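Q: This is my_file_3.cif (mmCIF, N, CA, C and O atoms).
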data_structure
loop_
_atom_site.label_atom_id
_atom_site.label_comp_id
_atom_site.auth_asym_id
_atom_site.auth_seq_id
_atom_site.Cartn_x
_atom_site.Cartn_y
_atom_site.Cartn_z
N MET M 1 106.42 84.82 105.43
CA MET M 1 105.32 83.90 105.59
C MET M 1 104.76 84.04 106.99
O MET M 1 105.49 84.32 107.92
N TRP M 2 103.45 83.82 107.07
CA TRP M 2 102.78 83.87 108.37
C TRP M 2 101.92 82.64 108.48
O TRP M 2 100.93 82.50 107.74
N ALA M 3 102.28 81.72 109.35
CA ALA M 3 101.51 80.50 109.58
C ALA M 3 100.41 80.80 110.58
O ALA M 3 100.68 81.13 111.74
N HIS M 4 99.16 80.72 110.13
CA HIS M 4 98.02 81.02 110.99
C HIS M 4 96.77 80.33 110.46
O HIS M 4 96.80 79.71 109.40
N GLU M 5 95.67 80.48 111.18
CA GLU M 5 94.40 79.84 110.82
C GLU M 5 93.34 80.84 110.37
O GLU M 5 92.19 80.49 110.21
N PHE M 6 93.70 82.09 110.13
CA PHE M 6 92.73 83.14 109.77
C PHE M 6 92.56 83.22 108.26
O PHE M 6 93.44 83.70 107.55
N ALA M 7 91.44 82.76 107.74
CA ALA M 7 91.19 82.72 106.30
C ALA M 7 91.21 84.12 105.68
O ALA M 7 91.59 84.29 104.53
N GLU M 8 90.83 85.14 106.45
CA GLU M 8 90.74 86.50 105.91
C GLU M 8 92.08 87.25 105.92
O GLU M 8 92.18 88.34 105.39
N GLU M 9 93.10 86.66 106.52
CA GLU M 9 94.42 87.30 106.60
C GLU M 9 95.37 86.67 105.59
O GLU M 9 95.28 85.47 105.31
N PRO M 10 96.32 87.46 105.04
CA PRO M 10 97.27 86.91 104.07
C PRO M 10 98.25 85.94 104.74
O PRO M 10 98.58 86.09 105.91
N GLY M 11 98.71 84.98 103.96
CA GLY M 11 99.71 84.04 104.45
C GLY M 11 101.10 84.43 103.99
O GLY M 11 102.10 84.00 104.55
N GLU M 12 101.16 85.25 102.94
CA GLU M 12 102.45 85.69 102.40
C GLU M 12 102.36 87.18 102.08
O GLU M 12 101.36 87.64 101.53
N SER M 13 103.39 87.91 102.42
CA SER M 13 103.43 89.34 102.19
C SER M 13 104.82 89.74 101.72
O SER M 13 105.82 89.33 102.32
N LEU M 14 104.88 90.48 100.64
CA LEU M 14 106.14 91.01 100.11
C LEU M 14 106.07 92.53 100.19
O LEU M 14 105.11 93.13 99.70
N SER M 15 107.06 93.15 100.82
CA SER M 15 107.06 94.60 100.98
C SER M 15 108.36 95.19 100.47
O SER M 15 109.44 94.67 100.74
N GLU M 16 108.24 96.30 99.76
CA GLU M 16 109.41 97.11 99.42
C GLU M 16 109.50 98.19 100.48
O GLU M 16 108.54 98.92 100.71
N VAL M 17 110.64 98.28 101.13
CA VAL M 17 110.83 99.19 102.26
C VAL M 17 111.80 100.29 101.86
O VAL M 17 112.87 100.02 101.32
N GLY M 18 111.43 101.54 102.16
CA GLY M 18 112.26 102.69 101.83
C GLY M 18 113.37 102.94 102.84
O GLY M 18 113.48 102.25 103.85
N LEU M 19 114.17 103.95 102.56
CA LEU M 19 115.29 104.32 103.44
C LEU M 19 114.84 104.62 104.86
O LEU M 19 115.57 104.40 105.81
N ASP M 20 113.60 105.12 104.99
CA ASP M 20 113.08 105.49 106.31
C ASP M 20 112.46 104.32 107.06
O ASP M 20 111.99 104.47 108.18
N GLY M 21 112.47 103.11 106.47
CA GLY M 21 111.92 101.94 107.14
C GLY M 21 110.44 101.71 106.88
O GLY M 21 109.89 100.70 107.31
N TYR M 22 109.78 102.64 106.18
CA TYR M 22 108.35 102.49 105.89
C TYR M 22 108.14 101.73 104.58
O TYR M 22 108.95 101.85 103.64
N GLU M 23 107.04 100.98 104.51
CA GLU M 23 106.71 100.28 103.28
C GLU M 23 106.39 101.26 102.17
O GLU M 23 105.73 102.27 102.41
N ARG M 24 106.87 100.97 100.98
CA ARG M 24 106.58 101.77 99.78
C ARG M 24 105.58 101.04 98.89
O ARG M 24 104.74 101.65 98.26
N ARG M 25 105.73 99.71 98.83
CA ARG M 25 104.80 98.87 98.07
C ARG M 25 104.65 97.55 98.82
O ARG M 25 105.57 97.12 99.51
N LYS M 26 103.49 96.92 98.64
CA LYS M 26 103.25 95.64 99.29
C LYS M 26 102.34 94.80 98.41
O LYS M 26 101.41 95.32 97.79
N VAL M 27 102.62 93.50 98.37
CA VAL M 27 101.75 92.52 97.72
C VAL M 27 101.47 91.44 98.75
O VAL M 27 102.39 90.98 99.43
N GLU M 28 100.20 91.05 98.89
CA GLU M 28 99.83 90.00 99.82
C GLU M 28 99.09 88.89 99.08
O GLU M 28 98.27 89.17 98.21
N ARG M 29 99.42 87.63 99.43
CA ARG M 29 98.73 86.48 98.86
C ARG M 29 97.90 85.82 99.97
O ARG M 29 98.42 85.55 101.04
N PHE M 30 96.64 85.57 99.67
CA PHE M 30 95.73 84.97 100.62
C PHE M 30 95.60 83.47 100.36
O PHE M 30 95.92 83.00 99.27
N ARG M 31 95.11 82.74 101.34
CA ARG M 31 94.98 81.29 101.24
C ARG M 31 94.16 80.84 100.04
O ARG M 31 94.42 79.80 99.47
N ASP M 32 93.17 81.63 99.67
CA ASP M 32 92.31 81.25 98.55
C ASP M 32 92.93 81.61 97.20
O ASP M 32 92.30 81.44 96.15
N GLY M 33 94.16 82.12 97.19
CA GLY M 33 94.87 82.43 95.97
C GLY M 33 94.75 83.87 95.50
O GLY M 33 95.47 84.29 94.60
N ARG M 34 93.85 84.65 96.09
CA ARG M 34 93.72 86.04 95.64
C ARG M 34 94.89 86.88 96.14
O ARG M 34 95.54 86.54 97.11
N LEU M 35 95.14 87.95 95.40
CA LEU M 35 96.22 88.87 95.73
C LEU M 35 95.66 90.24 96.07
O LEU M 35 94.69 90.68 95.47
N GLY M 36 96.26 90.92 97.01
CA GLY M 36 95.98 92.32 97.30
C GLY M 36 97.29 93.06 97.16
O GLY M 36 98.36 92.48 97.31
N TRP M 37 97.22 94.34 96.87
CA TRP M 37 98.45 95.13 96.76
C TRP M 37 98.18 96.58 97.13
O TRP M 37 97.04 97.03 97.12
N ALA M 38 99.26 97.25 97.47
CA ALA M 38 99.16 98.67 97.82
C ALA M 38 100.48 99.35 97.47
O ALA M 38 101.54 98.74 97.48
N ASP M 39 100.37 100.63 97.16
CA ASP M 39 101.54 101.49 97.04
C ASP M 39 101.18 102.80 97.71
O ASP M 39 100.17 102.89 98.40
N GLU M 40 101.99 103.81 97.53
CA GLU M 40 101.75 105.07 98.23
C GLU M 40 100.52 105.82 97.73
O GLU M 40 100.10 106.79 98.34
N GLU M 41 99.92 105.36 96.62
CA GLU M 41 98.75 106.04 96.05
C GLU M 41 97.49 105.19 96.05
O GLU M 41 96.39 105.73 95.98
N ARG M 42 97.63 103.85 96.07
CA ARG M 42 96.46 102.98 95.91
C ARG M 42 96.50 101.81 96.88
O ARG M 42 97.56 101.36 97.30
N GLU M 43 95.29 101.29 97.19
CA GLU M 43 95.13 100.05 97.96
C GLU M 43 94.12 99.19 97.23
O GLU M 43 93.06 99.67 96.85
N VAL M 44 94.46 97.92 97.00
CA VAL M 44 93.59 97.01 96.26
C VAL M 44 93.45 95.70 97.04
O VAL M 44 94.44 95.18 97.57
N GLY M 45 92.25 95.17 97.09
CA GLY M 45 92.02 93.87 97.70
C GLY M 45 92.18 93.84 99.20
O GLY M 45 92.46 92.80 99.78
N GLY M 46 92.00 94.98 99.87
CA GLY M 46 92.11 95.04 101.32
C GLY M 46 93.53 95.18 101.85
O GLY M 46 93.74 95.17 103.05
N THR M 47 94.50 95.32 100.97
CA THR M 47 95.89 95.47 101.38
C THR M 47 96.24 96.95 101.50
O THR M 47 95.89 97.74 100.64
N GLY M 48 96.91 97.31 102.58
CA GLY M 48 97.37 98.68 102.79
C GLY M 48 98.79 98.68 103.32
O GLY M 48 99.28 97.66 103.82
N LEU M 49 99.45 99.80 103.19
CA LEU M 49 100.80 99.94 103.71
C LEU M 49 100.76 100.11 105.23
O LEU M 49 99.81 100.67 105.78
N GLY M 50 101.81 99.66 105.90
CA GLY M 50 101.89 99.81 107.34
C GLY M 50 101.99 101.27 107.75
O GLY M 50 102.52 102.10 107.01
N GLU M 51 101.51 101.58 108.94
CA GLU M 51 101.53 102.95 109.45
C GLU M 51 102.76 103.24 110.29
O GLU M 51 102.98 104.39 110.68
N VAL M 52 103.55 102.22 110.59
CA VAL M 52 104.78 102.37 111.37
C VAL M 52 105.92 101.71 110.59
O VAL M 52 105.67 100.89 109.71
N PRO M 53 107.17 102.06 110.89
CA PRO M 53 108.28 101.43 110.19
C PRO M 53 108.29 99.91 110.36
O PRO M 53 107.87 99.39 111.40
N VAL M 54 108.79 99.21 109.37
CA VAL M 54 108.92 97.76 109.43
C VAL M 54 110.02 97.44 110.44
O VAL M 54 111.11 98.00 110.36
N PRO M 55 109.74 96.55 111.39
CA PRO M 55 110.78 96.21 112.37
C PRO M 55 111.90 95.37 111.74
O PRO M 55 111.72 94.80 110.65
N PRO M 56 113.03 95.25 112.40
CA PRO M 56 114.12 94.40 111.91
C PRO M 56 113.64 92.95 111.75
O PRO M 56 112.74 92.50 112.47
N LEU M 57 114.26 92.23 110.83
CA LEU M 57 113.85 90.84 110.57
C LEU M 57 113.91 89.98 111.82
O LEU M 57 113.04 89.14 112.04
N ALA M 58 114.92 90.16 112.65
CA ALA M 58 115.03 89.36 113.87
C ALA M 58 113.82 89.56 114.78
O ALA M 58 113.33 88.60 115.38
N GLU M 59 113.32 90.77 114.84
CA GLU M 59 112.14 91.06 115.67
C GLU M 59 110.88 90.41 115.08
O GLU M 59 110.06 89.86 115.80
N ILE M 60 110.75 90.45 113.76
CA ILE M 60 109.61 89.80 113.11
C ILE M 60 109.67 88.30 113.35
O ILE M 60 108.67 87.67 113.73
N ASN M 61 110.83 87.71 113.13
CA ASN M 61 110.98 86.26 113.27
C ASN M 61 110.88 85.77 114.70
O ASN M 61 110.65 84.58 114.93
N ALA M 62 111.02 86.65 115.68
CA ALA M 62 110.87 86.28 117.08
C ALA M 62 109.40 86.04 117.43
O ALA M 62 109.10 85.42 118.45
N GLN M 63 108.49 86.49 116.57
CA GLN M 63 107.06 86.30 116.81
C GLN M 63 106.63 84.93 116.29
O GLN M 63 107.01 84.52 115.19
N ARG M 64 105.86 84.24 117.06
CA ARG M 64 105.39 82.89 116.70
C ARG M 64 104.65 82.90 115.36
O ARG M 64 103.80 83.75 115.12
N GLY M 65 105.01 81.97 114.50
CA GLY M 65 104.31 81.80 113.24
C GLY M 65 104.87 82.60 112.08
O GLY M 65 104.43 82.44 110.95
N PHE M 66 105.85 83.46 112.33
CA PHE M 66 106.41 84.30 111.26
C PHE M 66 107.76 83.75 110.78
O PHE M 66 108.56 83.29 111.57
N ALA M 67 107.98 83.84 109.47
CA ALA M 67 109.25 83.47 108.86
C ALA M 67 109.55 84.53 107.81
O ALA M 67 109.11 84.44 106.68
N ALA M 68 110.27 85.57 108.20
CA ALA M 68 110.58 86.69 107.31
C ALA M 68 112.01 86.56 106.83
O ALA M 68 112.89 86.07 107.53
N SER M 69 112.25 87.02 105.59
CA SER M 69 113.60 87.02 105.05
C SER M 69 113.75 88.19 104.09
O SER M 69 112.77 88.72 103.59
N ARG M 70 114.97 88.56 103.85
CA ARG M 70 115.30 89.62 102.90
C ARG M 70 115.46 88.97 101.54
O ARG M 70 116.13 87.96 101.39
N SER M 71 114.84 89.55 100.53
CA SER M 71 114.93 89.04 99.16
C SER M 71 115.63 90.06 98.28
O SER M 71 115.60 91.25 98.57
N PRO M 72 116.22 89.61 97.18
CA PRO M 72 116.83 90.56 96.24
C PRO M 72 115.77 91.51 95.69
O PRO M 72 114.61 91.14 95.55
N ALA M 73 116.16 92.71 95.35
CA ALA M 73 115.22 93.71 94.83
C ALA M 73 114.50 93.22 93.59
O ALA M 73 113.38 93.62 93.33
N THR M 74 115.09 92.33 92.83
CA THR M 74 114.44 91.82 91.62
C THR M 74 113.20 91.02 91.93
O THR M 74 112.38 90.78 91.06
N SER M 75 113.00 90.60 93.19
CA SER M 75 111.80 89.85 93.55
C SER M 75 110.54 90.70 93.49
O SER M 75 109.44 90.18 93.58
N SER M 76 110.66 92.02 93.32
CA SER M 76 109.48 92.87 93.25
C SER M 76 108.60 92.50 92.07
O SER M 76 107.42 92.83 92.06
N ASN M 77 109.14 91.79 91.10
CA ASN M 77 108.35 91.37 89.95
C ASN M 77 107.72 90.00 90.14
O ASN M 77 107.08 89.50 89.25
N ARG M 78 107.85 89.40 91.30
CA ARG M 78 107.35 88.05 91.55
C ARG M 78 105.87 87.89 91.22
O ARG M 78 105.45 86.87 90.71
N TYR M 79 105.07 88.89 91.50
CA TYR M 79 103.64 88.83 91.21
C TYR M 79 103.26 89.77 90.08
O TYR M 79 102.13 90.22 90.00
N GLY M 80 104.19 90.09 89.23
CA GLY M 80 103.88 90.89 88.06
C GLY M 80 104.02 92.38 88.24
O GLY M 80 103.70 93.15 87.36
N GLY M 81 104.54 92.83 89.39
CA GLY M 81 104.69 94.26 89.63
C GLY M 81 105.91 94.83 88.93
O GLY M 81 106.79 94.10 88.50
N LYS M 82 105.93 96.12 88.78
CA LYS M 82 107.07 96.80 88.18
C LYS M 82 107.80 97.57 89.26
O LYS M 82 107.19 98.04 90.22
N ARG M 83 109.09 97.70 89.12
CA ARG M 83 109.87 98.47 90.09
C ARG M 83 109.49 99.94 89.97
O ARG M 83 109.29 100.46 88.89
N SER M 84 109.44 100.61 91.09
CA SER M 84 109.09 102.02 91.10
C SER M 84 110.33 102.87 90.86
O SER M 84 111.44 102.47 91.16
N ALA M 85 110.11 104.07 90.35
CA ALA M 85 111.21 105.00 90.13
C ALA M 85 111.87 105.31 91.46
O ALA M 85 111.21 105.45 92.47
N GLY M 86 113.18 105.40 91.46
CA GLY M 86 113.89 105.73 92.69
C GLY M 86 114.26 104.53 93.54
O GLY M 86 114.94 104.66 94.52
N SER M 87 113.79 103.32 93.18
CA SER M 87 114.10 102.16 94.00
C SER M 87 115.45 101.56 93.64
O SER M 87 115.84 100.55 94.20
N GLU M 88 116.19 102.18 92.75
CA GLU M 88 117.50 101.70 92.35
C GLU M 88 118.62 102.33 93.18
O GLU M 88 119.77 102.13 92.89
N ARG M 89 118.29 103.12 94.21
CA ARG M 89 119.30 103.74 95.04
C ARG M 89 120.17 102.68 95.71
O ARG M 89 119.70 101.60 96.00
N PRO M 90 121.42 103.00 96.00
CA PRO M 90 122.27 102.03 96.70
C PRO M 90 121.69 101.74 98.08
O PRO M 90 121.12 102.62 98.73
N ALA M 91 121.84 100.52 98.53
CA ALA M 91 121.31 100.12 99.84
C ALA M 91 122.19 100.68 100.95
O ALA M 91 123.40 100.57 100.90
N PRO M 92 121.57 101.30 101.98
CA PRO M 92 122.34 101.80 103.12
C PRO M 92 122.65 100.67 104.09
O PRO M 92 122.09 99.61 104.01
N GLU M 93 123.54 100.92 105.03
CA GLU M 93 123.78 99.98 106.10
C GLU M 93 122.59 100.01 107.03
O GLU M 93 121.93 101.02 107.19
N GLY M 94 122.27 98.89 107.66
CA GLY M 94 121.17 98.85 108.62
C GLY M 94 120.12 97.85 108.22
O GLY M 94 120.26 97.12 107.25
N PRO M 95 119.02 97.80 108.98
CA PRO M 95 118.02 96.73 108.81
C PRO M 95 117.11 96.90 107.61
O PRO M 95 116.42 95.97 107.25
N HIS M 96 117.05 98.06 106.95
CA HIS M 96 116.07 98.28 105.88
C HIS M 96 116.72 98.86 104.63
O HIS M 96 116.55 100.03 104.32
N PRO M 97 117.46 98.05 103.88
CA PRO M 97 118.06 98.59 102.65
C PRO M 97 116.98 99.04 101.68
O PRO M 97 115.98 98.36 101.49
N ALA M 98 117.17 100.18 101.08
CA ALA M 98 116.19 100.73 100.14
C ALA M 98 115.99 99.77 98.98
O ALA M 98 116.92 99.18 98.48
N GLY M 99 114.74 99.63 98.58
CA GLY M 99 114.42 98.82 97.42
C GLY M 99 114.43 97.34 97.69
O GLY M 99 114.24 96.55 96.79
N LYS M 100 114.62 96.91 98.91
CA LYS M 100 114.62 95.48 99.22
C LYS M 100 113.21 95.03 99.56
O LYS M 100 112.42 95.77 100.10
N ILE M 101 112.94 93.80 99.25
CA ILE M 101 111.65 93.19 99.53
C ILE M 101 111.82 92.30 100.75
O ILE M 101 112.77 91.54 100.85
N PHE M 102 110.89 92.40 101.69
CA PHE M 102 110.96 91.60 102.91
C PHE M 102 109.79 90.66 102.95
O PHE M 102 108.74 90.94 102.50
#
Can the structure in the file be given as structure tokens, please?
A:
Amino acid sequence: MWAHEFAEEPGESLSEVGLDGYERRKVERFRDGRLGWADEEREVGGTGLGEVPVPPLAEINAQRGFAASRSPATSSNRYGGKRSAGSERPAPEGPHPAGKIF
């Protein structure tokens, strides 16, 4: 969650992060209720994947207005999405377990 006053920015973002720390899929919910999403092939509703690895949760949460948490991989269906092939790999040790939603 991101607490802010910018109507054009999402307030909630769910990301599936790969072994390399980069986003594989993302869904964003905006204040007006619309959703945007992106994967490695498409971008919809103004949502795109990050260009740098996702930082550790502690680093995200250290920023004012952010409340990030790790969710079970099954949360990828929260907004009607389907799990991508290969996201069933075992989670490695470290800040970005494969197939986890942040």
Q: The PyMOL selection byres ((chain M and resi 31-38) around 8) - which residues does that actually catch in the file I just gave you? List them as a ChimeraX atom specification.
A: /M:6-16,23-30,39-49
Q: Please enumerate the residues selected by the PyMOL selection byres ((chain M and resi 54) around 6) when evaluated against the supplied file, formatted as a list in words.
A: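 This file, filtered by the PyMOL selection byres ((chain M and resi 54) around 6), leaves Gly21, Tyr22, Glu23, Val52, Pro53, Pro55 and Pro56 of chain M.
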Q: DSSP on the backbone: what in stretch 1-60 of chain M comes out alpha helix (DSSP H), as a list in words?
A: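 Result set for stretch 1-60 of chain M (alpha helix (DSSP H)): Leu57, Ala58, Glu59 and Ile60 of chain M.
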Q: By how many Å are atom C of M:Arg70 and atom C of M:Leu57 apart?
A: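 Separation between atom C of M:Arg70 and atom C of M:Leu57: 10.4 Å.
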Q: Suppose you want the space between atom CA of M:Ser69 and atom CA of M:Asp20; what is it in Å?
A: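 It comes out at 18.5 Å.
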Q: Using Å and a single decimal, report how far atom O of M:Glu51 sits from atom N of M:Gln63.
A: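 Taking atom N of M:Gln63 and atom O of M:Glu51, their separation equals 19.6 Å.
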